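**Student:** Contents of my_file07.txt (compact mmCIF, C-alpha atoms) are below:
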```
# COMPACT_ATOMS: atom_id res chain seq x y z
CA MET A 257 18.44 0.26 8.01
CA ASP A 258 15.38 0.51 5.85
CA TRP A 259 11.65 -0.12 5.99
CA GLY A 260 12.37 -3.77 6.78
CA THR A 261 13.84 -2.73 10.14
CA LEU A 262 10.62 -0.89 11.00
CA GLN A 263 8.65 -3.96 10.02
CA GLY A 264 10.77 -6.08 12.36
CA VAL A 265 10.11 -3.75 15.28
CA LEU A 266 6.39 -3.37 14.65
CA GLY A 267 5.85 -7.06 13.95
CA GLY A 268 6.62 -7.74 17.59
CA VAL A 269 3.91 -5.30 18.72
CA ASN A 270 1.38 -7.14 16.57
CA LYS A 271 1.10 -9.95 19.11
CA HIS A 272 -0.28 -7.62 21.77
CA SER A 273 -2.62 -5.58 19.55
CA THR A 274 -6.37 -5.85 19.21
CA SER A 275 -7.83 -7.24 15.94
CA ILE A 276 -8.38 -3.71 14.64
CA GLY A 277 -4.76 -2.92 15.48
CA LYS A 278 -3.63 -5.89 13.41
CA ILE A 279 -5.74 -4.75 10.45
CA TRP A 280 -4.29 -1.24 10.81
CA LEU A 281 -0.76 -2.66 10.72
CA THR A 282 -1.54 -4.70 7.58
CA VAL A 283 -3.01 -1.64 5.82
CA LEU A 284 0.04 0.39 6.85
CA PHE A 285 2.53 -2.12 5.47
CA ILE A 286 0.78 -3.11 2.28
CA PHE A 287 -1.12 -0.06 1.14
CA ARG A 288 1.24 2.64 2.37
CA ILE A 289 4.83 1.53 2.81
CA MET A 290 4.81 -0.96 -0.02
CA ILE A 291 3.06 1.40 -2.45
CA LEU A 292 5.53 4.10 -1.46
CA VAL A 293 8.52 1.87 -2.18
CA VAL A 294 7.41 0.08 -5.36
CA ALA A 295 5.40 2.79 -7.09
CA ALA A 296 5.36 6.30 -5.67
CA GLU A 297 9.17 6.62 -5.43
CA ARG A 298 9.46 5.93 -9.18
CA VAL A 299 6.84 8.53 -10.05
CA TRP A 300 8.68 11.21 -8.08
CA GLY A 301 12.11 9.91 -9.11
CA ASP A 302 12.71 12.36 -11.95
CA GLU A 303 10.96 15.18 -10.17
CA GLN A 304 13.65 17.83 -10.37
CA GLN A 305 15.30 16.64 -13.58
CA ASP A 306 12.08 16.95 -15.54
CA PHE A 307 10.95 20.20 -13.93
CA VAL A 308 11.28 22.39 -17.02
CA CYS A 309 11.17 26.20 -17.07
CA ASN A 310 10.71 28.35 -20.15
CA THR A 311 13.89 30.36 -19.69
CA LEU A 312 17.62 30.21 -20.39
CA GLN A 313 18.46 32.08 -17.16
CA PRO A 314 20.85 29.88 -15.11
CA GLY A 315 19.63 29.19 -11.57
CA CYS A 316 16.02 30.12 -12.30
CA ARG A 317 14.88 26.48 -12.57
CA ASN A 318 16.60 25.56 -9.29
CA VAL A 319 15.08 28.50 -7.44
CA CYS A 320 11.59 27.90 -8.81
CA TYR A 321 11.72 24.17 -8.00
CA ASP A 322 12.83 24.96 -4.47
CA HIS A 323 10.08 27.56 -4.10
CA PHE A 324 7.24 25.29 -5.22
CA PHE A 325 8.50 22.06 -3.61
CA PRO A 326 10.00 22.96 -0.20
CA ILE A 327 9.72 19.30 0.88
CA SER A 328 8.92 16.65 -1.69
CA HIS A 329 5.77 14.52 -1.23
CA ILE A 330 7.89 11.38 -1.01
CA ARG A 331 9.92 12.70 1.91
CA LEU A 332 6.81 13.94 3.70
CA TRP A 333 5.19 10.50 3.34
CA ALA A 334 8.32 8.78 4.64
CA LEU A 335 8.30 11.09 7.68
CA GLN A 336 4.57 10.55 8.16
CA LEU A 337 4.95 6.78 8.09
CA ILE A 338 7.80 6.89 10.59
CA PHE A 339 5.95 9.21 12.99
CA VAL A 340 2.73 7.24 12.73
CA SER A 341 4.51 3.92 13.43
CA THR A 342 6.54 5.05 16.44
CA PRO A 343 3.76 5.30 19.08
CA ALA A 344 3.58 1.50 18.79
CA LEU A 345 7.09 1.48 20.28
CA LEU A 346 5.62 2.88 23.51
CA VAL A 347 3.52 -0.26 23.77
CA ALA A 348 6.52 -2.47 22.96
CA MET A 349 8.54 -0.77 25.70
CA HIS A 350 5.75 -1.18 28.24
CA VAL A 351 5.39 -4.87 27.41
CA ALA A 352 9.17 -5.35 27.73
CA TYR A 353 9.09 -3.57 31.11
CA THR A 354 6.21 -5.79 32.33
CA ARG A 355 8.13 -8.92 31.28
CA HIS A 356 11.25 -7.62 33.02
CA GLU A 357 9.25 -7.11 36.23
CA LYS A 358 7.90 -10.66 36.05
CA LYS A 359 11.43 -12.03 35.58
CA ARG A 360 12.55 -10.04 38.61
CA ARG A 361 9.77 -11.58 40.69
CA LEU A 362 10.83 -15.01 39.43
CA ARG A 363 14.37 -14.37 40.60
CA ASN A 364 13.03 -13.32 44.02
CA GLY A 365 11.53 -16.73 44.52
CA GLU A 366 7.98 -16.57 43.19
CA LYS A 367 6.93 -19.57 41.13
CA ILE A 368 6.43 -18.53 37.49
CA ASP A 369 6.89 -20.75 34.45
CA ILE A 370 9.72 -19.36 32.29
CA GLU A 371 8.48 -20.77 28.99
CA GLU A 372 5.01 -19.41 29.58
CA LEU A 373 6.49 -16.02 30.41
CA LYS A 374 8.29 -15.80 27.06
CA ASN A 375 5.28 -16.68 24.91
CA GLN A 376 2.52 -15.23 27.02
CA ARG A 377 0.17 -12.85 25.33
CA ILE A 378 -0.15 -9.88 27.63
CA HIS A 379 -3.72 -8.62 27.90
CA ILE A 380 -4.49 -4.94 27.50
CA ARG A 381 -5.44 -4.08 31.07
CA GLY A 382 -4.50 -1.51 33.69
CA PRO A 383 -1.44 0.67 32.91
CA LEU A 384 -0.94 -1.07 29.55
CA TRP A 385 -4.45 0.03 28.54
CA TRP A 386 -3.42 3.65 29.15
CA THR A 387 -0.19 3.24 27.17
CA TYR A 388 -1.99 1.53 24.31
CA THR A 389 -4.78 4.14 24.22
CA SER A 390 -2.33 7.05 24.26
CA SER A 391 -0.33 5.45 21.45
CA ILE A 392 -3.49 5.32 19.32
CA PHE A 393 -4.28 8.93 20.23
CA PHE A 394 -0.78 10.05 19.16
CA ARG A 395 -1.13 8.13 15.89
CA LEU A 396 -4.36 10.02 15.15
CA VAL A 397 -2.74 13.36 15.97
CA PHE A 398 0.29 12.68 13.74
CA GLU A 399 -1.90 11.59 10.81
CA ALA A 400 -4.06 14.72 11.10
CA VAL A 401 -1.04 17.00 11.39
CA PHE A 402 0.61 15.55 8.28
CA MET A 403 -2.62 15.74 6.29
CA TYR A 404 -2.83 19.41 7.21
CA VAL A 405 0.84 20.01 6.33
CA PHE A 406 0.25 18.52 2.87
CA TYR A 407 -2.85 20.66 2.37
CA TYR A 408 -1.10 23.83 3.53
CA MET A 409 2.15 23.32 1.63
CA TYR A 410 0.67 22.31 -1.71
CA ASP A 411 -2.58 24.32 -1.69
CA GLY A 412 -4.83 21.31 -1.76
CA TYR A 413 -4.01 17.84 -2.99
CA GLN A 414 -3.76 18.50 -6.69
CA MET A 415 -0.50 18.87 -8.59
CA PRO A 416 -0.75 21.62 -11.25
CA ARG A 417 0.74 21.17 -14.72
CA LEU A 418 2.03 24.71 -14.89
CA VAL A 419 3.37 27.01 -12.19
CA LYS A 420 4.25 30.65 -12.74
CA CYS A 421 7.47 31.67 -11.04
CA ASP A 422 8.83 35.19 -10.44
CA ALA A 423 11.51 34.49 -7.83
CA TRP A 424 14.95 36.04 -8.35
CA PRO A 425 16.94 35.42 -10.66
CA CYS A 426 14.06 34.57 -13.00
CA PRO A 427 13.32 37.42 -15.41
CA ASN A 428 9.77 38.73 -14.92
CA THR A 429 7.38 35.77 -14.76
CA VAL A 430 8.48 32.38 -16.04
CA ASP A 431 6.34 29.35 -16.92
CA CYS A 432 7.53 26.18 -15.25
CA PHE A 433 6.13 22.76 -16.06
CA VAL A 434 5.85 19.99 -13.48
CA SER A 435 6.69 16.43 -14.52
CA ARG A 436 3.87 13.80 -14.48
CA PRO A 437 1.28 15.93 -12.62
CA THR A 438 -1.68 13.62 -13.24
CA GLU A 439 0.11 10.52 -11.98
CA LYS A 440 1.30 12.47 -8.94
CA THR A 441 -2.20 13.75 -8.18
CA THR A 442 -3.54 10.17 -8.45
CA PHE A 443 -1.00 8.85 -5.97
CA THR A 444 -1.51 11.81 -3.61
CA ILE A 445 -5.24 11.14 -3.50
CA PHE A 446 -4.61 7.40 -3.05
CA MET A 447 -2.28 7.99 -0.09
CA LEU A 448 -4.74 10.51 1.34
CA ALA A 449 -7.57 7.98 1.11
CA VAL A 450 -5.50 5.28 2.82
CA SER A 451 -4.50 7.77 5.56
CA GLY A 452 -8.20 8.45 6.06
CA ILE A 453 -8.91 4.72 6.34
CA CYS A 454 -6.09 4.35 8.87
CA MET A 455 -7.48 7.23 10.91
CA MET A 456 -10.93 5.61 10.95
CA LEU A 457 -9.41 2.29 12.02
CA ASN A 458 -7.60 4.08 14.85
CA LEU A 459 -10.81 5.84 15.93
CA ALA A 460 -12.71 2.53 15.87
CA GLU A 461 -10.00 0.90 17.96
CA LEU A 462 -10.09 3.79 20.45
CA CYS A 463 -13.88 3.51 20.77
CA TYR A 464 -13.63 -0.29 21.16
CA LEU A 465 -11.07 0.03 23.98
CA VAL A 466 -13.10 2.69 25.81
CA ILE A 467 -16.35 0.72 25.50
CA LYS A 468 -14.61 -2.47 26.66
CA VAL A 469 -13.39 -0.73 29.82
CA CYS A 470 -16.75 0.95 30.49
CA THR A 471 -18.70 -2.32 30.16
CA LYS A 472 -16.19 -4.04 32.42
CA GLU A 473 -16.64 -1.31 35.05
CA SER A 474 -20.45 -1.45 34.84
CA GLY A 475 -20.31 -5.27 34.87
CA LYS A 476 -18.53 -5.18 38.22
CA MET B 1121 9.22 -3.69 2.20
CA ASN B 1122 9.28 -4.84 -1.38
CA TRP B 1123 7.88 -7.55 -3.62
CA GLY B 1124 10.01 -10.24 -1.91
CA TRP B 1125 8.48 -9.52 1.47
CA PHE B 1126 5.00 -9.49 -0.07
CA GLU B 1127 5.65 -12.80 -1.79
CA GLY B 1128 6.71 -14.36 1.52
CA LEU B 1129 3.48 -13.16 3.09
CA LEU B 1130 1.39 -14.73 0.35
CA ARG B 1131 3.12 -18.12 0.34
CA ALA B 1132 1.44 -18.80 3.65
CA VAL B 1133 -1.94 -18.60 1.89
CA ASN B 1134 -1.02 -21.57 -0.27
CA VAL B 1135 -1.74 -23.94 2.60
CA TYR B 1136 -5.39 -22.95 2.78
CA SER B 1137 -6.07 -22.78 -0.97
CA THR B 1138 -7.68 -25.29 -3.28
CA ALA B 1139 -5.66 -26.76 -6.18
CA PHE B 1140 -7.01 -24.02 -8.48
CA GLY B 1141 -5.96 -21.42 -5.94
CA ARG B 1142 -2.38 -22.75 -5.95
CA VAL B 1143 -2.28 -22.70 -9.76
CA TRP B 1144 -3.59 -19.14 -9.67
CA LEU B 1145 -0.94 -18.06 -7.16
CA THR B 1146 1.83 -19.67 -9.24
CA LEU B 1147 0.50 -17.95 -12.36
CA VAL B 1148 0.44 -14.59 -10.59
CA PHE B 1149 3.97 -15.01 -9.16
CA ILE B 1150 5.65 -16.30 -12.29
CA PHE B 1151 3.76 -14.90 -15.27
CA ARG B 1152 2.73 -11.58 -13.80
CA LEU B 1153 4.97 -10.51 -10.90
CA LEU B 1154 8.22 -11.99 -12.21
CA VAL B 1155 7.64 -10.73 -15.77
CA TYR B 1156 6.75 -7.33 -14.30
CA LEU B 1157 9.95 -7.18 -12.22
CA VAL B 1158 12.52 -8.58 -14.65
CA ALA B 1159 11.18 -7.27 -17.93
CA ALA B 1160 8.34 -4.79 -17.91
CA GLU B 1161 9.97 -2.35 -15.47
CA LYS B 1162 13.04 -2.06 -17.71
CA VAL B 1163 10.95 -1.44 -20.84
CA TRP B 1164 9.13 1.45 -19.17
CA SER B 1165 12.16 2.83 -17.33
CA ASP B 1166 13.05 5.48 -19.93
CA ASP B 1167 9.41 6.26 -20.49
CA GLN B 1168 9.49 10.02 -20.09
CA LYS B 1169 13.14 10.60 -20.93
CA ASP B 1170 12.74 9.18 -24.43
CA PHE B 1171 9.35 10.68 -25.13
CA ASP B 1172 10.48 13.12 -27.83
CA CYS B 1173 8.42 15.97 -29.20
CA ASN B 1174 9.25 17.80 -32.38
CA THR B 1175 9.54 21.24 -30.79
CA LEU B 1176 11.99 23.42 -28.92
CA GLN B 1177 9.18 24.90 -26.80
CA PRO B 1178 10.06 24.26 -23.12
CA GLY B 1179 7.31 22.48 -21.23
CA CYS B 1180 5.60 21.08 -24.30
CA THR B 1181 7.09 17.57 -23.81
CA ASN B 1182 6.04 17.51 -20.16
CA VAL B 1183 2.49 18.56 -20.91
CA CYS B 1184 2.06 16.17 -23.83
CA TYR B 1185 3.52 13.25 -21.87
CA ASP B 1186 1.17 13.97 -19.00
CA HIS B 1187 -1.81 14.12 -21.35
CA PHE B 1188 -1.12 10.83 -23.15
CA PHE B 1189 0.07 8.92 -20.07
CA PRO B 1190 -2.11 10.01 -17.12
CA ILE B 1191 -0.99 6.93 -15.19
CA SER B 1192 1.86 4.83 -16.50
CA HIS B 1193 1.24 1.12 -17.31
CA ILE B 1194 3.85 0.14 -14.77
CA ARG B 1195 2.15 1.91 -11.88
CA LEU B 1196 -1.24 0.50 -12.84
CA TRP B 1197 0.22 -3.02 -12.90
CA ALA B 1198 1.89 -2.49 -9.51
CA LEU B 1199 -1.45 -1.38 -8.02
CA GLN B 1200 -3.26 -4.23 -9.76
CA LEU B 1201 -0.83 -6.87 -8.47
CA ILE B 1202 -1.04 -5.56 -4.91
CA LEU B 1203 -4.85 -5.31 -4.93
CA VAL B 1204 -5.36 -8.68 -6.60
CA THR B 1205 -3.27 -10.56 -4.06
CA CYS B 1206 -4.63 -8.85 -0.95
CA PRO B 1207 -7.94 -10.76 -0.72
CA SER B 1208 -5.89 -13.89 0.01
CA LEU B 1209 -4.79 -12.14 3.19
CA LEU B 1210 -8.45 -12.02 4.28
CA VAL B 1211 -8.44 -15.82 4.28
CA LEU B 1212 -5.23 -15.84 6.33
CA MET B 1213 -6.72 -13.38 8.82
CA HIS B 1214 -9.90 -15.45 9.15
CA VAL B 1215 -7.91 -18.61 9.92
CA ALA B 1216 -5.78 -16.66 12.43
CA TYR B 1217 -9.00 -15.37 14.04
CA ARG B 1218 -10.32 -18.94 14.36
CA GLU B 1219 -7.06 -20.09 15.93
CA ALA B 1220 -7.12 -17.14 18.36
CA LYS B 1221 -10.68 -18.04 19.38
CA GLU B 1222 -9.59 -21.64 20.06
CA GLU B 1223 -6.67 -20.37 22.09
CA ARG B 1224 -8.89 -18.11 24.20
CA LEU B 1225 -11.30 -21.02 24.79
CA ARG B 1226 -8.39 -23.21 25.82
CA GLU B 1227 -7.25 -20.54 28.31
CA ILE B 1228 -10.69 -20.37 29.89
CA GLN B 1229 -11.64 -24.05 29.92
CA GLY B 1230 -8.22 -25.65 30.45
CA ASP B 1231 -6.53 -28.32 28.37
CA ASN B 1232 -9.49 -30.72 28.15
CA TYR B 1233 -11.78 -28.30 26.36
CA ARG B 1234 -13.96 -29.26 23.41
CA ARG B 1235 -12.51 -27.86 20.16
CA ILE B 1236 -14.90 -25.73 18.11
CA TYR B 1237 -12.60 -25.91 15.08
CA PRO B 1238 -10.96 -29.36 14.81
CA ASN B 1239 -9.26 -28.07 11.66
CA PRO B 1240 -9.15 -24.24 11.54
CA GLY B 1241 -8.04 -24.23 7.89
CA LYS B 1242 -10.93 -26.31 6.58
CA LYS B 1243 -13.24 -24.25 4.37
CA ARG B 1244 -16.50 -24.71 6.27
CA GLY B 1245 -18.99 -22.14 7.49
CA GLY B 1246 -17.64 -18.58 7.70
CA LEU B 1247 -14.30 -19.45 6.09
CA TRP B 1248 -16.07 -20.82 2.99
CA TRP B 1249 -17.80 -17.50 2.53
CA THR B 1250 -14.57 -15.55 3.13
CA TYR B 1251 -12.78 -17.68 0.54
CA LEU B 1252 -15.59 -17.28 -2.00
CA LEU B 1253 -15.73 -13.52 -1.42
CA SER B 1254 -11.97 -13.28 -1.85
CA LEU B 1255 -12.27 -15.07 -5.21
CA ILE B 1256 -15.02 -12.72 -6.37
CA PHE B 1257 -13.01 -9.72 -5.22
CA LYS B 1258 -9.89 -10.91 -7.07
CA ALA B 1259 -11.82 -11.41 -10.29
CA SER B 1260 -13.47 -7.98 -9.92
CA VAL B 1261 -10.16 -6.21 -9.35
CA ASP B 1262 -8.71 -7.80 -12.48
CA LEU B 1263 -11.79 -6.87 -14.53
CA VAL B 1264 -11.80 -3.30 -13.23
CA PHE B 1265 -8.13 -2.85 -14.15
CA LEU B 1266 -8.70 -4.35 -17.60
CA TYR B 1267 -11.43 -1.75 -18.08
CA ILE B 1268 -9.21 1.08 -16.81
CA PHE B 1269 -6.48 0.05 -19.25
CA PHE B 1270 -9.03 -0.08 -22.06
CA ARG B 1271 -10.28 3.41 -21.28
CA LEU B 1272 -6.84 5.00 -20.83
CA TYR B 1273 -5.04 3.28 -23.69
CA LYS B 1274 -7.36 2.56 -26.63
CA ASN B 1275 -7.24 -1.11 -27.74
CA TYR B 1276 -4.46 -1.75 -25.22
CA SER B 1277 -1.90 -0.50 -27.76
CA LEU B 1278 0.37 2.48 -28.06
CA PRO B 1279 0.91 4.27 -31.37
CA ARG B 1280 4.37 5.29 -32.56
CA VAL B 1281 3.38 8.95 -33.01
CA VAL B 1282 0.88 11.04 -31.10
CA LYS B 1283 -0.22 14.50 -32.18
CA CYS B 1284 -0.35 17.01 -29.36
CA LYS B 1285 -1.97 20.45 -29.44
CA LEU B 1286 -2.01 21.52 -25.81
CA GLN B 1287 -0.67 24.75 -24.34
CA PRO B 1288 2.23 25.70 -24.48
CA CYS B 1289 2.86 23.62 -27.60
CA PRO B 1290 2.67 25.75 -30.74
CA ASN B 1291 -0.03 24.52 -33.18
CA ILE B 1292 0.19 20.73 -33.53
CA VAL B 1293 3.32 18.91 -32.42
CA ASP B 1294 4.41 15.34 -33.27
CA CYS B 1295 5.51 13.37 -30.22
CA PHE B 1296 7.22 10.00 -30.48
CA ILE B 1297 6.73 7.29 -27.87
CA SER B 1298 9.76 5.25 -26.83
CA ARG B 1299 9.72 1.46 -27.65
CA PRO B 1300 6.02 1.23 -28.63
CA THR B 1301 6.22 -2.28 -30.11
CA GLU B 1302 7.92 -3.77 -27.05
CA LYS B 1303 5.38 -2.02 -24.81
CA ASN B 1304 2.48 -3.36 -26.89
CA ILE B 1305 3.83 -6.90 -26.63
CA PHE B 1306 4.15 -6.71 -22.87
CA THR B 1307 0.74 -5.05 -22.50
CA LEU B 1308 -0.82 -7.85 -24.56
CA PHE B 1309 0.99 -10.45 -22.46
CA MET B 1310 -0.25 -8.93 -19.20
CA VAL B 1311 -3.80 -8.61 -20.55
CA VAL B 1312 -3.83 -12.29 -21.60
CA THR B 1313 -2.48 -13.49 -18.22
CA THR B 1314 -5.04 -11.30 -16.45
CA CYS B 1315 -7.85 -12.90 -18.47
CA VAL B 1316 -6.52 -16.39 -17.68
CA CYS B 1317 -6.45 -15.47 -13.97
CA VAL B 1318 -10.05 -14.21 -14.11
CA VAL B 1319 -11.18 -17.46 -15.78
CA LEU B 1320 -9.30 -19.50 -13.13
CA ASN B 1321 -10.99 -17.54 -10.35
CA LEU B 1322 -14.42 -18.17 -11.88
CA ILE B 1323 -13.69 -21.90 -12.29
CA GLU B 1324 -12.52 -22.09 -8.68
CA ALA B 1325 -15.67 -20.28 -7.48
CA THR B 1326 -17.86 -22.71 -9.44
CA TYR B 1327 -15.90 -25.65 -7.99
CA LEU B 1328 -16.36 -24.33 -4.43
CA ILE B 1329 -20.08 -23.80 -4.90
CA GLY B 1330 -20.46 -27.20 -6.57
CA LYS B 1331 -18.55 -28.97 -3.79
CA ARG B 1332 -20.91 -27.51 -1.17
```
Please, can you express the file's structure as structure tokens?
**Tutor:**
Amino acid sequence: MDWGTLQGVLGGVNKHSTSIGKIWLTVLFIFRIMILVVAAERVWGDEQQDFVCNTLQPGCRNVCYDHFFPISHIRLWALQLIFVSTPALLVAMHVAYTRHEKKRRLRNGEKIDIEELKNQRIHIRGPLWWTYTSSIFFRLVFEAVFMYVFYYMYDGYQMPRLVKCDAWPCPNTVDCFVSRPTEKTTFTIFMLAVSGICMMLNLAELCYLVIKVCTKESGK
Amino acid sequence: MNWGWFEGLLRAVNVYSTAFGRVWLTLVFIFRLLVYLVAAEKVWSDDQKDFDCNTLQPGCTNVCYDHFFPISHIRLWALQLILVTCPSLLVLMHVAYREAKEERLREIQGDNYRRIYPNPGKKRGGLWWTYLLSLIFKASVDLVFLYIFFRLYKNYSLPRVVKCKLQPCPNIVDCFISRPTEKNIFTLFMVVTTCVCVVLNLIEATYLIGKR
């Protein structure tokens, strides 16, 4: 059970997505999940070990680390990627349900080609359009929420070199030094930029779907 | 979701590449990606742990390391390898788009339709431009990263000792980089292979333009 499992699930949804949806999926896998796994996890790997405080007081370093990093960036990104990918499962479930209905009709005597049924690309119309559109809407909401959580938790998107800690049991105010702050800030901004691109792709896809339906209605 | 998966994705591009493109892909997989994975990552693995500063001042090592290594070589190479191989996916997407168009036409007109793309992978028309643009993009990414390396790490080399005088370090502190010679050798190797890749891309672009 790892990112590969998610890829397996989402790969199936790819067949029924629009072109923009396919681009979104590619950006998600290559520029977010892959970067997270091959690069970002290494940068944050020694996060707590190399969080150094200018004190000999036992427990002070632990408490200060916990105070300034309630949830690590890496874990937040993992959660964000999972939440942002799951609305696609709604679409997968709807498609599976549609196929199941067709099979049921086949069993009740209607003439439908079985092979065609398995490989058929289901068009985004009717109830599926609503499911697909709401999945995109949820993706947008989750992205925005996580961006805000990052901003709120870490006071902006920059990692400071030095944090001043006065939580108990630290004596008075203690200087604590974060490990690799510049590299972390670079990756935070990179992931933020890619999230922004994904949000724009989702917005474009939403507009495309709405316009397609409106033109179809006016065409009738 | 790792380099193996990415490699699988890119193998599919091989079908639509020219001979130069296949040589380029082999070069990237063997002399850049493989060297990165089996050798370079291990050399840089104890990067911060063995960065030793001649001081007892807590925090000084962290601050000095951050100042001299804003982004580690390894991360820059990971980003470079991902960005340099992505343009090939544009070609794949264009071919998939052509095949989807054919499929839609077949659905509308039935099985005896007239094919618009007798060979969707042939580099004619829009696909020729996509391929050329992908080559230019690959070369640009490599050049940009060569420049970034040059700016961050003077002359692409690392010294044995760096002198650090940032807060909270007291006065000037000597800091010793771990395995500088080995790092310089690998940096030089990656720079040379990058240059070879850029030259290959330019030759391939010239070949494509000449063939047209």
**Student:** Give me, as a list in words, all polymer residues having an atom no more than 12 Å from B:Leu1154, counting only C-alpha atoms and skipping those fewer than 3 positions away in the same chain.
**Tutor:**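 In the requested form, the answer reads Trp1123, Gly1124, Glu1127, Thr1146, Leu1147, Val1148, Phe1149, Ile1150, Phe1151, Leu1157, Val1158, Ala1159, Ala1160, Glu1161, Ala1198, Leu1201 and Met1310 of chain B.
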**Student:** Using all atoms listed in the file, find the residues of chain A whose closest atom to chain B is at most 7 Å away, then write them as number ranges by chain.
**Tutor:** A: 259-260, 289-290, 293-295, 308-310, 417, 433, 435-439
**Student:** Between atom CA of A:Ala423 and atom CA of A:Phe324, measure the distance and give it in Å to one decimal.
**Tutor:** 10.5 Å
**Student:** Report as a ChimeraX atom specification all protein, DNA and RNA residues lying within 6 Å of stretch 1297-1306 of chain B, evaluated on all atoms listed in the file, omitting residues in the same chain fewer than 5 positions from it.
**Tutor:** /B:1170-1171,1277-1278,1280
**Student:** Point out the residue among B:Trp1144, B:Thr1138, B:Gln1200, B:Phe1270 with the least atom-to-atom distance to A:Ile291, counting only C-alpha atoms.
**Tutor:** B:Gln1200
**Student:** For each of A:Thr354, A:Gln414, A:Asn364, A:Ser451, take the minimum atom-to-atom distance to A:His379, counting all atoms listed in the file, then give the residue where this is smallest.
**Tutor:**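 Comparing A:Thr354, A:Gln414, A:Asn364, A:Ser451 against A:His379, the winner is A:Thr354.
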**Student:** Residues within 10 Å of stretch 337-341 of chain A, please, as a list in words. Count all atoms listed in the file; anything in the same chain fewer than 4 positions from it doesn't count.
**Tutor:**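 Listed by chain and then number, they are Trp259, Leu262, Gln263, Val265, Leu266, Leu281, Leu284, Phe285, Arg288, Ile289, Leu292, Arg331, Leu332, Trp333, Leu345, Ser391, Ile392, Phe394, Arg395, Leu396, Val397, Phe398, Glu399, Phe402 and Ser451 of chain A.
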**Student:** If you measure from atom CA of A:Val450 to atom CA of A:Thr282, what distance in Å do you get, rounded to one decimal?
**Tutor:**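 Pair atom CA of A:Val450 / atom CA of A:Thr282 returns 11.7 Å.
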**Student:** Just the number, please: distance in Å from atom CA of A:Val347 to atom CA of A:Gly452, one decimal.
**Tutor:**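 Interatomic distance, atom CA of A:Val347 to atom CA of A:Gly452: 23.0 Å.
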**Student:** Which one of A:Gly264, A:Glu473, A:Ala334, A:Trp280 sits closest to A:Met455 if you count all atoms listed in the file?
**Tutor:**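 Smallest distance to A:Met455 is found for A:Trp280.
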**Student:** Would you please work out which residue, of A:Leu346, A:Cys320, A:Ile286, A:Leu459, is nearest to A:Val269 when using all atoms listed in the file?
**Tutor:**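 Comparing A:Leu346, A:Cys320, A:Ile286, A:Leu459 against A:Val269, the winner is A:Leu346.
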**Student:** Can you pull out every residue within 9 Å of B:Arg1142, counting only C-alpha atoms, but drop anything in the same chain fewer than 6 positions away, and send it as JSON, numbers by chain?
**Tutor:** {"B": [1133, 1134, 1135]}
